[in-house]
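structure_1.tsv, holding TSV, C-alpha atoms and all ligand atoms:
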chain	number	residue	atom	x	y	z
Y	41	MET	CA	118.57	90.21	87.72
Y	42	ASP	CA	119.01	87.22	85.45
Y	43	ASN	CA	119.76	87.46	81.75
Y	44	LEU	CA	117.51	84.48	81.11
Y	45	LEU	CA	114.47	86.61	81.84
Y	46	THR	CA	115.69	89.46	79.61
Y	47	ASN	CA	116.39	87.04	76.75
Y	48	LYS	CA	113.02	85.39	77.20
Y	49	MET	CA	111.45	88.84	76.99
Y	50	ARG	CA	113.34	89.78	73.80
Y	51	GLY	CA	112.18	86.57	72.12
Y	52	ALA	CA	108.57	86.90	73.26
Y	53	PHE	CA	108.43	90.59	72.33
Y	54	ALA	CA	109.71	89.83	68.81
Y	55	ARG	CA	107.09	87.11	68.38
Y	56	TRP	CA	104.35	89.47	69.58
Y	57	LEU	CA	105.14	92.73	67.74
Y	58	GLY	CA	108.20	91.98	65.66
Y	59	GLY	CA	111.50	93.70	66.37
Y	60	ALA	CA	112.94	94.80	69.71
Y	61	PRO	CA	111.56	96.88	72.58
Y	62	ALA	CA	112.86	100.44	72.94
Y	63	ILE	CA	112.89	100.35	76.75
Y	64	MET	CA	113.13	97.53	79.28
Y	65	ALA	CA	112.86	97.69	83.05
Y	66	HIS	CA	113.05	95.12	85.83
Y	67	ALA	CA	111.45	95.32	89.28
Y	68	PRO	CA	111.76	92.71	92.05
Y	69	GLY	CA	109.22	91.30	94.48
Y	70	ARG	CA	109.72	91.78	98.22
Y	71	ILE	CA	109.51	90.11	101.61
Y	72	GLU	CA	108.62	91.77	104.90
Y	73	VAL	CA	111.23	90.59	107.42
Y	74	LEU	CA	110.41	92.49	110.63
Y	75	GLY	CA	107.93	95.24	111.48
Y	76	ASN	CA	104.40	93.93	111.00
Y	77	HIS	CA	101.47	96.33	110.49
Y	78	THR	CA	103.81	99.15	111.53
Y	79	ASP	CA	103.60	101.10	108.25
Y	80	TYR	CA	100.20	102.69	108.90
Y	81	ASN	CA	101.28	103.37	112.51
Y	82	GLU	CA	104.09	105.57	111.16
Y	83	GLY	CA	106.66	103.04	112.37
Y	84	PHE	CA	109.60	101.03	111.06
Y	85	VAL	CA	109.88	98.04	108.72
Y	86	LEU	CA	112.77	95.83	107.64
Y	87	SER	CA	112.09	94.29	104.24
Y	88	ALA	CA	114.06	93.11	101.23
Y	89	ALA	CA	113.76	93.06	97.48
Y	90	ILE	CA	114.18	89.45	96.33
Y	91	ASP	CA	115.70	87.60	93.40
Y	92	CYS	CA	112.50	87.12	91.48
Y	93	GLY	CA	110.84	89.90	89.57
Y	94	THR	CA	109.00	91.32	86.59
Y	95	VAL	CA	110.42	92.58	83.30
Y	96	MET	CA	108.52	95.23	81.33
Y	97	ALA	CA	109.34	95.96	77.68
Y	98	VAL	CA	107.92	99.05	75.96
Y	99	ARG	CA	107.95	100.58	72.49
Y	100	PRO	CA	106.11	103.66	71.24
Y	101	ILE	CA	103.56	102.88	68.52
Y	102	ASP	CA	101.42	104.89	66.10
Y	103	GLY	CA	97.74	105.50	66.69
Y	104	LYS	CA	95.61	106.43	69.69
Y	105	GLU	CA	95.55	103.14	71.51
Y	106	CYS	CA	97.97	101.52	73.96
Y	107	ARG	CA	98.46	97.76	73.80
Y	108	LEU	CA	99.38	95.67	76.84
Y	109	MET	CA	100.46	92.05	76.76
Y	110	ALA	CA	100.71	89.78	79.82
Y	111	LEU	CA	103.07	87.19	78.39
Y	112	ASP	CA	102.82	84.74	81.29
Y	113	ILE	CA	99.11	84.26	80.61
Y	114	SER	CA	99.05	85.28	76.89
Y	115	GLU	CA	96.36	87.91	77.38
Y	116	GLU	CA	96.23	91.25	75.61
Y	117	ALA	CA	94.42	94.44	76.66
Y	118	ARG	CA	93.97	97.80	74.92
Y	119	PHE	CA	93.10	101.26	76.18
Y	120	SER	CA	93.02	104.85	74.99
Y	121	ALA	CA	96.38	106.65	75.22
Y	122	ALA	CA	94.64	109.97	75.96
Y	123	ALA	CA	92.03	108.68	78.46
Y	124	PRO	CA	93.22	105.53	80.23
Y	125	ASP	CA	90.11	105.04	82.35
Y	126	GLN	CA	89.81	102.29	84.89
Y	127	ALA	CA	88.90	98.92	83.37
Y	128	GLN	CA	87.18	96.07	85.10
Y	129	THR	CA	88.75	93.30	83.03
Y	130	PRO	CA	91.31	92.07	82.58
Y	131	SER	CA	92.19	93.11	86.11
Y	132	TRP	CA	95.97	92.81	85.62
Y	133	ALA	CA	95.83	95.66	83.09
Y	134	ASN	CA	94.66	98.07	85.78
Y	135	TYR	CA	98.06	98.12	87.48
Y	136	VAL	CA	99.82	99.38	84.35
Y	137	ARG	CA	96.93	101.58	83.29
Y	138	GLY	CA	96.86	103.11	86.78
Y	139	VAL	CA	100.57	103.91	86.67
Y	140	TYR	CA	100.25	105.47	83.20
Y	141	ALA	CA	97.11	107.46	84.19
Y	142	ASN	CA	98.94	108.83	87.23
Y	143	MET	CA	101.81	109.96	85.07
Y	144	LEU	CA	99.40	111.83	82.80
Y	145	ALA	CA	97.83	113.41	85.88
Y	146	ARG	CA	101.31	114.63	86.83
Y	147	GLY	CA	101.72	116.38	83.52
Y	148	GLY	CA	102.97	113.57	81.28
Y	149	ARG	CA	102.01	113.95	77.61
Y	150	PRO	CA	99.90	111.07	76.27
Y	151	ARG	CA	101.84	108.72	74.03
Y	152	ALA	CA	100.60	105.48	72.47
Y	153	PHE	CA	102.78	102.53	73.41
Y	154	ALA	CA	102.91	98.77	73.33
Y	155	ALA	CA	104.09	97.12	76.55
Y	156	ALA	CA	104.68	93.45	77.33
Y	157	PHE	CA	105.63	91.95	80.68
Y	158	LEU	CA	106.53	88.63	82.24
Y	159	GLY	CA	107.97	87.55	85.53
Y	160	THR	CA	109.03	84.96	88.05
Y	161	ILE	CA	107.08	86.09	91.14
Y	162	PRO	CA	104.22	83.78	92.09
Y	163	LEU	CA	101.04	85.86	91.95
Y	164	GLY	CA	99.13	86.51	95.14
Y	165	ALA	CA	101.71	84.74	97.32
Y	166	GLY	CA	102.47	87.83	99.40
Y	167	LEU	CA	105.68	88.56	97.48
Y	168	SER	CA	104.19	91.67	95.86
Y	169	SER	CA	103.97	90.74	92.21
Y	170	SER	CA	101.59	93.70	91.93
Y	171	ALA	CA	104.20	96.24	93.12
Y	172	ALA	CA	106.80	94.66	90.82
Y	173	LEU	CA	104.39	95.09	87.93
Y	174	GLU	CA	103.76	98.73	88.88
Y	175	MET	CA	107.39	99.63	89.44
Y	176	SER	CA	108.64	97.98	86.24
Y	177	ALA	CA	105.89	99.87	84.39
Y	178	ALA	CA	106.68	103.13	86.21
Y	179	LEU	CA	110.37	103.04	85.30
Y	180	ALA	CA	109.74	102.13	81.67
Y	181	LEU	CA	106.88	104.60	81.17
Y	182	ALA	CA	108.72	107.48	82.87
Y	183	ARG	CA	111.47	106.95	80.30
Y	184	LEU	CA	108.94	106.73	77.45
Y	185	LEU	CA	107.21	109.96	78.53
Y	186	GLU	CA	110.56	111.61	79.29
Y	187	MET	CA	109.50	112.41	82.84
Y	188	LYS	CA	111.93	112.81	85.73
Y	189	ILE	CA	110.32	111.20	88.76
Y	190	ASP	CA	112.19	110.54	91.98
Y	191	PRO	CA	111.88	107.08	93.58
Y	192	LEU	CA	109.54	108.11	96.41
Y	193	GLU	CA	107.19	109.74	93.93
Y	194	MET	CA	107.39	106.60	91.83
Y	195	ALA	CA	106.41	104.51	94.85
Y	196	LYS	CA	103.43	106.83	95.41
Y	197	ILE	CA	102.38	106.44	91.77
Y	198	GLY	CA	102.32	102.66	92.28
Y	199	GLN	CA	100.37	103.03	95.51
Y	200	ALA	CA	97.84	105.29	93.77
Y	201	ALA	CA	97.43	102.68	91.02
Y	202	GLU	CA	96.67	100.07	93.72
Y	203	HIS	CA	94.21	102.37	95.51
Y	204	ASP	CA	92.36	103.83	92.55
Y	205	TYR	CA	92.70	101.19	89.83
Y	206	ALA	CA	93.10	97.86	91.60
Y	207	GLY	CA	90.98	98.74	94.66
Y	208	VAL	CA	93.66	97.69	97.19
Y	209	LYS	CA	94.29	100.17	100.02
Y	210	CYS	CA	97.96	99.28	100.53
Y	211	GLY	CA	100.72	101.29	102.24
Y	212	LEU	CA	104.00	102.15	100.52
Y	213	LEU	CA	106.09	99.23	101.77
Y	214	ASP	CA	105.84	97.04	98.67
Y	215	GLN	CA	106.80	99.76	96.22
Y	216	ILE	CA	109.60	101.16	98.42
Y	217	SER	CA	111.09	97.69	98.92
Y	218	SER	CA	111.02	96.96	95.18
Y	219	LEU	CA	112.67	100.29	94.34
Y	220	PHE	CA	115.24	100.53	97.13
Y	221	GLY	CA	116.40	96.90	97.31
Y	222	ARG	CA	120.13	96.30	97.46
Y	223	GLU	CA	122.02	93.05	97.02
Y	224	GLY	CA	122.77	91.36	100.34
Y	225	MET	CA	120.98	94.13	102.27
Y	226	LEU	CA	117.70	94.61	104.02
Y	227	VAL	CA	115.77	97.81	103.43
Y	228	ARG	CA	114.85	99.69	106.59
Y	229	SER	CA	112.03	102.16	106.06
Y	230	ASP	CA	110.73	104.81	108.42
Y	231	PHE	CA	107.08	105.35	107.58
Y	232	ARG	CA	106.89	108.72	109.28
Y	233	THR	CA	109.77	110.40	107.46
Y	234	LEU	CA	109.87	107.98	104.48
Y	235	GLU	CA	113.60	107.77	105.07
Y	236	VAL	CA	115.22	104.57	103.77
Y	237	ARG	CA	118.47	102.93	104.96
Y	238	HIS	CA	120.11	99.58	104.39
Y	239	GLU	CA	121.29	96.91	106.83
Y	240	PRO	CA	123.63	94.05	105.86
Y	241	LEU	CA	122.49	90.43	105.97
Y	242	GLY	CA	125.84	88.81	105.26
Y	243	ALA	CA	126.54	86.15	102.63
Y	244	GLY	CA	125.98	83.08	104.79
Y	245	ALA	CA	122.21	83.31	105.15
Y	246	VAL	CA	119.15	83.22	102.92
Y	247	PHE	CA	115.44	83.59	103.46
Y	248	LEU	CA	113.07	80.71	102.89
Y	249	ILE	CA	109.52	81.50	101.88
Y	250	ALA	CA	106.93	78.89	102.77
Y	251	ASN	CA	103.63	79.76	101.14
Y	252	THR	CA	100.51	78.25	102.73
Y	253	ALA	CA	98.40	79.54	99.80
Y	254	VAL	CA	95.73	80.05	102.45
Y	255	LYS	CA	93.59	83.15	102.34
Y	256	HIS	CA	91.19	83.21	105.23
Y	257	ARG	CA	87.80	84.80	104.81
Y	258	LEU	CA	87.16	88.27	106.15
Y	259	VAL	CA	90.80	89.29	105.68
Y	260	GLU	CA	89.74	92.73	104.51
Y	261	SER	CA	87.43	93.43	107.44
Y	262	ALA	CA	89.96	92.02	109.93
Y	263	TYR	CA	92.62	94.32	108.46
Y	264	ASN	CA	90.34	97.32	108.84
Y	265	GLU	CA	89.47	96.31	112.39
Y	266	ARG	CA	93.20	96.16	113.25
Y	267	ARG	CA	93.75	99.62	111.78
Y	268	GLU	CA	90.85	101.05	113.79
Y	269	LYS	CA	92.05	99.49	117.06
Y	270	CYS	CA	95.51	100.92	116.49
Y	271	GLU	CA	94.01	104.36	115.94
Y	272	GLU	CA	91.84	103.95	119.04
Y	273	ALA	CA	94.92	103.01	121.08
Y	274	ALA	CA	96.86	105.99	119.70
Y	275	ARG	CA	94.00	108.32	120.68
Y	276	TYR	CA	94.02	106.90	124.20
Y	277	PHE	CA	97.77	107.45	124.60
Y	278	ALA	CA	97.40	110.96	123.16
Y	279	SER	CA	94.85	111.72	125.88
Y	280	VAL	CA	97.02	110.51	128.80
Y	281	LEU	CA	100.66	111.11	127.83
Y	282	PRO	CA	102.31	114.50	128.36
Y	283	HIS	CA	103.89	114.55	124.87
Y	284	PRO	CA	102.15	114.59	121.47
Y	285	VAL	CA	101.04	111.19	120.12
Y	286	ARG	CA	100.14	111.20	116.45
Y	287	ALA	CA	100.42	107.44	116.00
Y	288	LEU	CA	101.53	104.37	118.00
Y	289	ARG	CA	105.03	105.18	116.75
Y	290	ASP	CA	105.13	107.80	119.52
Y	291	VAL	CA	104.51	105.29	122.36
Y	292	SER	CA	107.37	103.58	124.25
Y	293	TRP	CA	107.28	100.23	126.04
Y	294	ASP	CA	107.46	101.94	129.44
Y	295	GLU	CA	104.46	104.07	128.54
Y	296	TRP	CA	102.59	101.02	127.27
Y	297	ARG	CA	103.30	99.14	130.52
Y	298	GLU	CA	102.13	102.05	132.65
Y	299	TRP	CA	98.85	102.67	130.83
Y	300	ALA	CA	97.86	99.29	129.35
Y	301	PRO	CA	96.05	98.06	132.50
Y	302	ARG	CA	93.67	101.00	132.19
Y	303	MET	CA	92.97	100.53	128.49
Y	304	ASP	CA	90.41	98.52	126.61
Y	305	PRO	CA	92.17	95.09	126.70
Y	306	CYS	CA	91.88	94.49	122.97
Y	307	ALA	CA	93.29	97.92	122.05
Y	308	ALA	CA	96.09	97.33	124.56
Y	309	ARG	CA	97.05	94.02	122.91
Y	310	ARG	CA	97.00	95.52	119.41
Y	311	ALA	CA	99.17	98.40	120.64
Y	312	ALA	CA	101.60	95.95	122.30
Y	313	HIS	CA	102.22	94.34	118.92
Y	314	ILE	CA	102.98	97.64	117.21
Y	315	VAL	CA	105.17	99.03	120.01
Y	316	GLY	CA	106.95	95.65	120.14
Y	317	GLU	CA	107.49	95.49	116.40
Y	318	ASN	CA	108.95	98.99	116.27
Y	319	THR	CA	111.29	98.08	119.14
Y	320	ARG	CA	112.29	94.86	117.38
Y	321	VAL	CA	113.09	96.62	114.09
Y	322	ILE	CA	115.39	99.05	115.89
Y	323	ALA	CA	117.06	96.28	117.93
Y	324	GLY	CA	117.23	94.03	114.87
Y	325	SER	CA	118.95	96.70	112.76
Y	326	ALA	CA	121.72	96.95	115.38
Y	327	MET	CA	122.04	93.16	115.42
Y	328	LEU	CA	122.44	93.02	111.65
Y	329	GLU	CA	125.16	95.64	111.87
Y	330	ARG	CA	126.98	93.38	114.38
Y	331	GLY	CA	126.34	90.25	112.28
Y	332	ASP	CA	124.25	88.72	115.08
Y	333	LEU	CA	121.90	86.50	113.06
Y	334	GLU	CA	120.99	84.35	116.09
Y	335	GLY	CA	119.73	87.43	117.91
Y	336	PHE	CA	117.94	88.68	114.83
Y	337	GLY	CA	116.27	85.29	114.33
Y	338	ARG	CA	115.00	85.33	117.92
Y	339	LEU	CA	113.33	88.66	117.19
Y	340	MET	CA	111.60	87.08	114.18
Y	341	PHE	CA	110.21	84.31	116.41
Y	342	GLU	CA	109.11	86.93	118.96
Y	343	SER	CA	107.44	88.88	116.18
Y	344	HIS	CA	105.42	85.83	115.17
Y	345	GLU	CA	104.47	85.10	118.77
Y	346	SER	CA	103.26	88.67	119.11
Y	347	SER	CA	101.20	88.30	115.91
Y	348	ARG	CA	99.73	85.06	117.20
Y	349	THR	CA	98.78	86.25	120.68
Y	350	GLN	CA	98.57	90.07	120.63
Y	351	PHE	CA	97.60	91.14	117.14
Y	352	GLU	CA	95.80	87.88	116.33
Y	353	ASN	CA	96.66	88.06	112.63
Y	354	SER	CA	98.14	84.58	112.37
Y	355	CYS	CA	96.31	81.33	111.59
Y	356	PRO	CA	96.91	77.60	112.30
Y	357	GLU	CA	98.68	77.03	108.97
Y	358	LEU	CA	101.23	79.77	109.64
Y	359	ASP	CA	101.64	78.66	113.27
Y	360	THR	CA	102.33	75.09	112.13
Y	361	LEU	CA	105.19	76.27	109.92
Y	362	VAL	CA	106.72	78.58	112.52
Y	363	ALA	CA	106.50	75.87	115.20
Y	364	ALA	CA	108.26	73.44	112.84
Y	365	ALA	CA	110.91	76.05	112.00
Y	366	ARG	CA	111.78	76.37	115.70
Y	367	THR	CA	112.97	72.75	115.76
Y	368	LEU	CA	115.13	72.85	112.59
Y	369	PRO	CA	118.93	73.08	112.53
Y	370	GLY	CA	120.25	76.14	110.71
Y	371	VAL	CA	117.00	78.12	111.11
Y	372	TYR	CA	117.63	81.39	112.96
Y	373	GLY	CA	114.06	82.61	113.02
Y	374	ALA	CA	110.67	82.56	111.29
Y	375	ARG	CA	107.49	84.60	111.25
Y	376	LEU	CA	104.51	85.40	109.12
Y	377	SER	CA	105.30	87.95	106.41
Y	378	GLY	CA	102.83	90.64	105.36
Y	379	GLY	CA	99.26	91.21	106.45
Y	380	GLY	CA	98.71	87.77	107.98
Y	381	PHE	CA	95.54	85.63	108.22
Y	382	GLY	CA	97.22	83.31	105.67
Y	383	GLY	CA	99.90	83.89	103.07
Y	384	SER	CA	103.56	83.09	103.64
Y	385	VAL	CA	106.05	82.47	106.42
Y	386	VAL	CA	109.54	83.89	106.00
Y	387	ALA	CA	112.40	82.03	107.70
Y	388	LEU	CA	116.00	83.17	108.07
Y	389	VAL	CA	118.23	80.16	107.43
Y	390	SER	CA	121.94	79.52	107.08
Y	391	ALA	CA	122.61	79.03	103.35
Y	392	ALA	CA	124.10	75.58	103.92
Y	393	ALA	CA	120.98	74.35	105.71
Y	394	ALA	CA	118.39	75.90	103.39
Y	395	ASP	CA	117.53	72.85	101.25
Y	396	ALA	CA	117.18	70.51	104.21
Y	397	ALA	CA	115.12	73.05	106.16
Y	398	ALA	CA	112.80	73.58	103.17
Y	399	ALA	CA	112.20	69.82	102.87
Y	400	ARG	CA	111.44	69.55	106.59
Y	401	LEU	CA	109.00	72.49	106.44
Y	402	ARG	CA	107.14	70.91	103.51
Y	403	ALA	CA	106.97	67.59	105.35
Y	404	ALA	CA	105.77	69.20	108.59
Y	405	TYR	CA	103.02	71.00	106.69
Y	406	GLU	CA	102.00	67.86	104.83
Y	407	GLN	CA	101.73	65.91	108.06
Y	408	VAL	CA	99.01	68.25	109.30
Y	409	TYR	CA	97.28	69.35	106.10
Y	410	GLY	CA	97.72	66.35	103.81
Y	411	HIS	CA	99.68	68.27	101.18
Y	412	PRO	CA	103.00	70.12	101.30
Y	413	CYS	CA	103.30	73.91	101.13
Y	414	ASP	CA	105.41	75.61	98.47
Y	415	THR	CA	108.88	76.67	99.55
Y	416	ARG	CA	111.51	78.76	97.82
Y	417	PRO	CA	114.81	80.30	98.88
Y	418	VAL	CA	115.17	84.05	98.20
Y	419	ARG	CA	118.13	86.39	98.59
Y	420	PRO	CA	118.08	90.13	99.23
Y	421	SER	CA	118.59	91.66	95.80
Y	422	ALA	CA	119.01	94.89	93.88
Y	423	GLY	CA	116.04	97.19	93.42
Y	424	ALA	CA	114.15	98.08	90.26
Y	425	ALA	CA	116.15	99.48	87.37
Y	426	LEU	CA	116.06	100.24	83.66
Y	427	LEU	CA	117.88	97.57	81.64
Y	428	GLY	CA	120.43	98.17	78.91
J	1	LIG	P1	100.78	89.96	95.29
J	1	LIG	O1	101.12	91.38	95.03
J	1	LIG	O2	101.01	89.55	96.69
J	1	LIG	O3	101.42	89.02	94.32
J	1	LIG	P2	98.19	90.91	94.52
J	1	LIG	O4	96.84	90.31	94.58
J	1	LIG	O5	98.42	92.23	95.15
J	1	LIG	O6	99.21	89.80	95.08
J	1	LIG	O7	98.64	91.07	92.99
J	1	LIG	C1	98.52	89.99	92.09
J	1	LIG	C2	97.89	90.49	90.79
J	1	LIG	O8	98.84	91.28	90.05
J	1	LIG	C3	97.53	89.37	89.85
J	1	LIG	O9	96.25	88.85	90.14
J	1	LIG	C4	97.56	90.08	88.50
J	1	LIG	O10	96.38	90.83	88.29
J	1	LIG	C5	98.69	91.08	88.66
J	1	LIG	N1	99.99	90.57	88.13
J	1	LIG	C6	101.20	90.72	88.73
J	1	LIG	N2	102.18	90.17	87.97
J	1	LIG	C7	101.60	89.66	86.88
J	1	LIG	C8	102.08	88.94	85.73
J	1	LIG	N3	103.39	88.64	85.58
J	1	LIG	N4	101.18	88.56	84.79
J	1	LIG	C9	99.87	88.84	84.94
J	1	LIG	N5	99.36	89.50	85.99
J	1	LIG	C10	100.19	89.91	86.96
J	2	MG	MG	100.14	93.07	95.93

Can the structure in the file be given as structure tokens, please?
Ligand code: ADP
Ligand code: MG
Amino acid sequence: MDNLLTNKMRGAFARWLGGAPAIMAHAPGRIEVLGNHTDYNEGFVLSAAIDCGTVMAVRPIDGKECRLMALDISEEARFSAAAPDQAQTPSWANYVRGVYANMLARGGRPRAFAAAFLGTIPLGAGLSSSAALEMSAALALARLLEMKIDPLEMAKIGQAAEHDYAGVKCGLLDQISSLFGREGMLVRSDFRTLEVRHEPLGAGAVFLIANTAVKHRLVESAYNERREKCEEAARYFASVLPHPVRALRDVSWDEWREWAPRMDPCAARRAAHIVGENTRVIAGSAMLERGDLEGFGRLMFESHESSRTQFENSCPELDTLVAAARTLPGVYGARLSGGGFGGSVVALVSAAAADAAAARLRAAYEQVYGHPCDTRPVRPSAGAALLG
């Protein structure tokens, strides 16, 4: 976490309210590295907190109203400290309001506060600026309200804010990654048990994010269709396998191979992606423990190929970047990161080759689409924490 951001916050807070904040918290964004659409299938994901994030600064104030200040866009919002109902606008305020409202619902005593935040995560780029906003707010407000909340509960508070206040039906991956990040490590989450472990990346590699800034239409309905097909496939396996199947997590490759020819072909392809991704996360974790980045990178390419052909959640822009990445020296692997249908590609690159690879990715994108994509290197970083 860089001091620049903290100093910038101190200065901006003083200009806004005068004086210093009482509490400051930082929460990072995240990348999904392996394990795509596995969270709602009770499977495994490898992700990482990254070295850009959001800082939240809070001070109790007199009166009945809370004040919120989004410093990056110089917009202020106010709401009742006792009844923080959902607001329509400004929409960014709903993330903080939702976190605070959830804390009151869990027995927190209302307390008027002023909170300001700023950050370095590009918004809407698939790096989870929303979870960073929620988790920085959750840490700071738990301290303000003197509540002891364990990290998994905190993640659920952020998820509830997304569901009920921002209208986004997300899983827990973003919040867990932001909270449990560790420098130089990937976060491996099990979405059945909510158990979290860490796997080492090693110092010689970084991730490159290449953001297409594309958001294809019908993303929401396509996402829901994928969820339904996965559930349909799980029900089929539950009806034919001798052991209990609660989710596609419970299906092995051998079982898939035996039964897929008898299934609805679309459900079979969707299931192949999930079973494959779970297998790749487990294999990839072992590779990281051995320091086998080449092997791990191959799994990332396989993951993208499976998205492209089986889950059909890629798009030409993402495919262009991954195809270009395959030809670049120093690139171990690349795949789409997150929901798909647009958004960002994440590439694993040797640190020495990162700048050159980023330039080549931008050029490859420009050649097809007439303008370059955004690229940025990110490193696995520490999770959210109170500052000072
Ligand atoms: P992502 O989480 O991938 O960045 P989302 O659409 O889930 O994309 O969340 C982005 C939204 O979060 C923004 O539109 C804004 O409402 C809110 N947000 C996050 N960080 C900030 C910030 N620093 N300043 C203002 N709004 C922010
Ligand atoms: Mg988000």

How big is the axis-aligned box around all listed atoms of range 397-415 of chain Y once 6 Å goes on each side, and where's its centre, in Å to one decimal, as AutoDock Vina command-line options?
--center_x 106.2 --center_y 71.3 --center_z 103.9 --size_x 29.8 --size_y 22.8 --size_z 22.8

Counting only C-alpha atoms and all ligand atoms, which residues in chain Y sit no more than 6 Å from ligand MG 2 (chain J)? For each one, give the nearest pair of atoms and the distance in Å, sorted by chain then residue number, as JSON lines.
{"residue": "Y:Ser168", "atom": "CA", "partner": "J:MG2", "partner_atom": "MG", "distance": 4.3}
{"residue": "Y:Ser169", "atom": "CA", "partner": "J:MG2", "partner_atom": "MG", "distance": 5.8}
{"residue": "Y:Ser170", "atom": "CA", "partner": "J:MG2", "partner_atom": "MG", "distance": 4.3}
{"residue": "Y:Ala171", "atom": "CA", "partner": "J:MG2", "partner_atom": "MG", "distance": 5.9}

Nearby polymer residues, ligand LIG 1 (chain J), at most 10 Å, all atoms listed in the file, as a PyMOL selection string: chain Y and resi 69-71+93-96+109-115+129-136+156-174+202+206-208+210+214+378+383-384

One-decimal distance in Å that lies between CA of Ala364 in chain Y and CA of Arg310 in chain Y: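 Interatomic distance here is 25.6 Å.
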
Length of the CA of Leu181 in chain Y to CA of Ile63 in chain Y vector [Å]: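 About the pair CA of Leu181 in chain Y and CA of Ile63 in chain Y: they are 8.6 Å apart.
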
Distance criterion (only C-alpha atoms): nearest to Gly335 in chain Y out of Y:Val371, Y:Leu86, Y:Leu358, Y:Ala62: Y:Val371

Top pick for closest residue to Asp304 in chain Y, considering Y:Ser261, Y:Leu248, Y:Gln215, Y:Glu272 and counting all atoms listed in the file: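 Closest residue, counting all atoms listed in the file: Y:Glu272.
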
d(CA of Leu108 in chain Y, CA of Ala155 in chain Y) in Å: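 Here the two named atoms are 4.9 Å from each other.
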
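Remark: for Met175 in chain Y, the closest of the candidate residues Y:Arg402, Y:Arg267, Y:Lys196, Y:Arg118 is Y:Lys196 (distances computed over all atoms listed in the file).
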
Protein/DNA/RNA residues near (116.6, 101.2, 86.0), cut 8 Å, all atoms listed in the file, as a ChimeraX atom specification: /Y:65-66,179,424-427

Option closest in space to Ser87 in chain Y, from Y:Ala154, Y:Met143, Y:Ile216, Y:Ala201 [counting only C-alpha atoms]: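 With only C-alpha atoms as the atom set, the closest residue is Y:Ile216.
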
For range 258-260 of chain Y, work out the shell of residues within 9 Å, counting all atoms listed in the file and skipping chain neighbours fewer than 6 positions away, then give it as a compact mmCIF listing (two decimals) with C-alpha atoms, in the coordinates of the input.
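Contents of the output file part38.txt:
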# COMPACT_ATOMS: atom_id res chain seq x y z
CA GLY Y 379 99.26 91.21 106.45
CA GLY Y 380 98.71 87.77 107.98
CA PHE Y 381 95.54 85.63 108.22
CA GLY Y 382 97.22 83.31 105.67

Nearest to Arg375 in chain Y by atom-to-atom distance, counting all atoms listed in the file, from Y:Ala67, Y:Ala54, Y:Ala122, Y:Val73: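 Using all atoms listed in the file, Arg375 in chain Y sits closest to Y:Val73.
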
Minimum-distance residue to Cys92 in chain Y, chosen among Y:Val236, Y:Ala117, Y:Leu45, Y:Ala243 (using all atoms listed in the file):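 The answer is Y:Leu45, which sits nearest to Cys92 in chain Y.
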
Protein and nucleic acid residues near (99.3, 99.3, 125.8) (cut-off 8 Å, all atoms listed in the file) as a ChimeraX atom specification: /Y:273,295-301,303,307-312

Polymer residues at most 7 Å from Ala121 in chain Y, all atoms listed in the file, same-chain spacing of 3 or more positions, as a PyMOL selection string: chain Y and resi 104-106+124+150-152

Completion of range 255-264 of chain Y up to N, CA and C atoms, as a PDB file, in the frame of the given file:
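Output file part-v3.pdb is given in full below:
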ATOM      1  N   LYS Y 255      94.089  81.785 102.178  1.00  0.00           N
ATOM      2  CA  LYS Y 255      93.590  83.150 102.340  1.00  0.00           C
ATOM      3  C   LYS Y 255      92.307  83.038 103.129  1.00  0.00           C
ATOM      4  N   HIS Y 256      92.377  83.391 104.408  1.00  0.00           N
ATOM      5  CA  HIS Y 256      91.190  83.210 105.230  1.00  0.00           C
ATOM      6  C   HIS Y 256      90.137  84.263 104.930  1.00  0.00           C
ATOM      7  N   ARG Y 257      88.897  83.881 105.089  1.00  0.00           N
ATOM      8  CA  ARG Y 257      87.800  84.800 104.810  1.00  0.00           C
ATOM      9  C   ARG Y 257      87.872  85.993 105.755  1.00  0.00           C
ATOM     10  N   LEU Y 258      87.266  87.074 105.322  1.00  0.00           N
ATOM     11  CA  LEU Y 258      87.160  88.270 106.150  1.00  0.00           C
ATOM     12  C   LEU Y 258      88.517  88.942 106.397  1.00  0.00           C
ATOM     13  N   VAL Y 259      89.492  88.660 105.526  1.00  0.00           N
ATOM     14  CA  VAL Y 259      90.800  89.290 105.680  1.00  0.00           C
ATOM     15  C   VAL Y 259      90.669  90.801 105.658  1.00  0.00           C
ATOM     16  N   GLU Y 260      89.901  91.283 104.691  1.00  0.00           N
ATOM     17  CA  GLU Y 260      89.740  92.730 104.510  1.00  0.00           C
ATOM     18  C   GLU Y 260      89.156  93.384 105.757  1.00  0.00           C
ATOM     19  N   SER Y 261      88.071  92.797 106.290  1.00  0.00           N
ATOM     20  CA  SER Y 261      87.430  93.430 107.440  1.00  0.00           C
ATOM     21  C   SER Y 261      88.318  93.291 108.680  1.00  0.00           C
ATOM     22  N   ALA Y 262      89.055  92.177 108.790  1.00  0.00           N
ATOM     23  CA  ALA Y 262      89.960  92.020 109.930  1.00  0.00           C
ATOM     24  C   ALA Y 262      91.076  93.066 109.856  1.00  0.00           C
ATOM     25  N   TYR Y 263      91.571  93.311 108.655  1.00  0.00           N
ATOM     26  CA  TYR Y 263      92.620  94.320 108.460  1.00  0.00           C
ATOM     27  C   TYR Y 263      92.111  95.695 108.898  1.00  0.00           C
ATOM     28  N   ASN Y 264      90.902  96.026 108.461  1.00  0.00           N
ATOM     29  CA  ASN Y 264      90.340  97.320 108.840  1.00  0.00           C
ATOM     30  C   ASN Y 264      90.118  97.428 110.340  1.00  0.00           C
TER      31      ASN Y 264
END
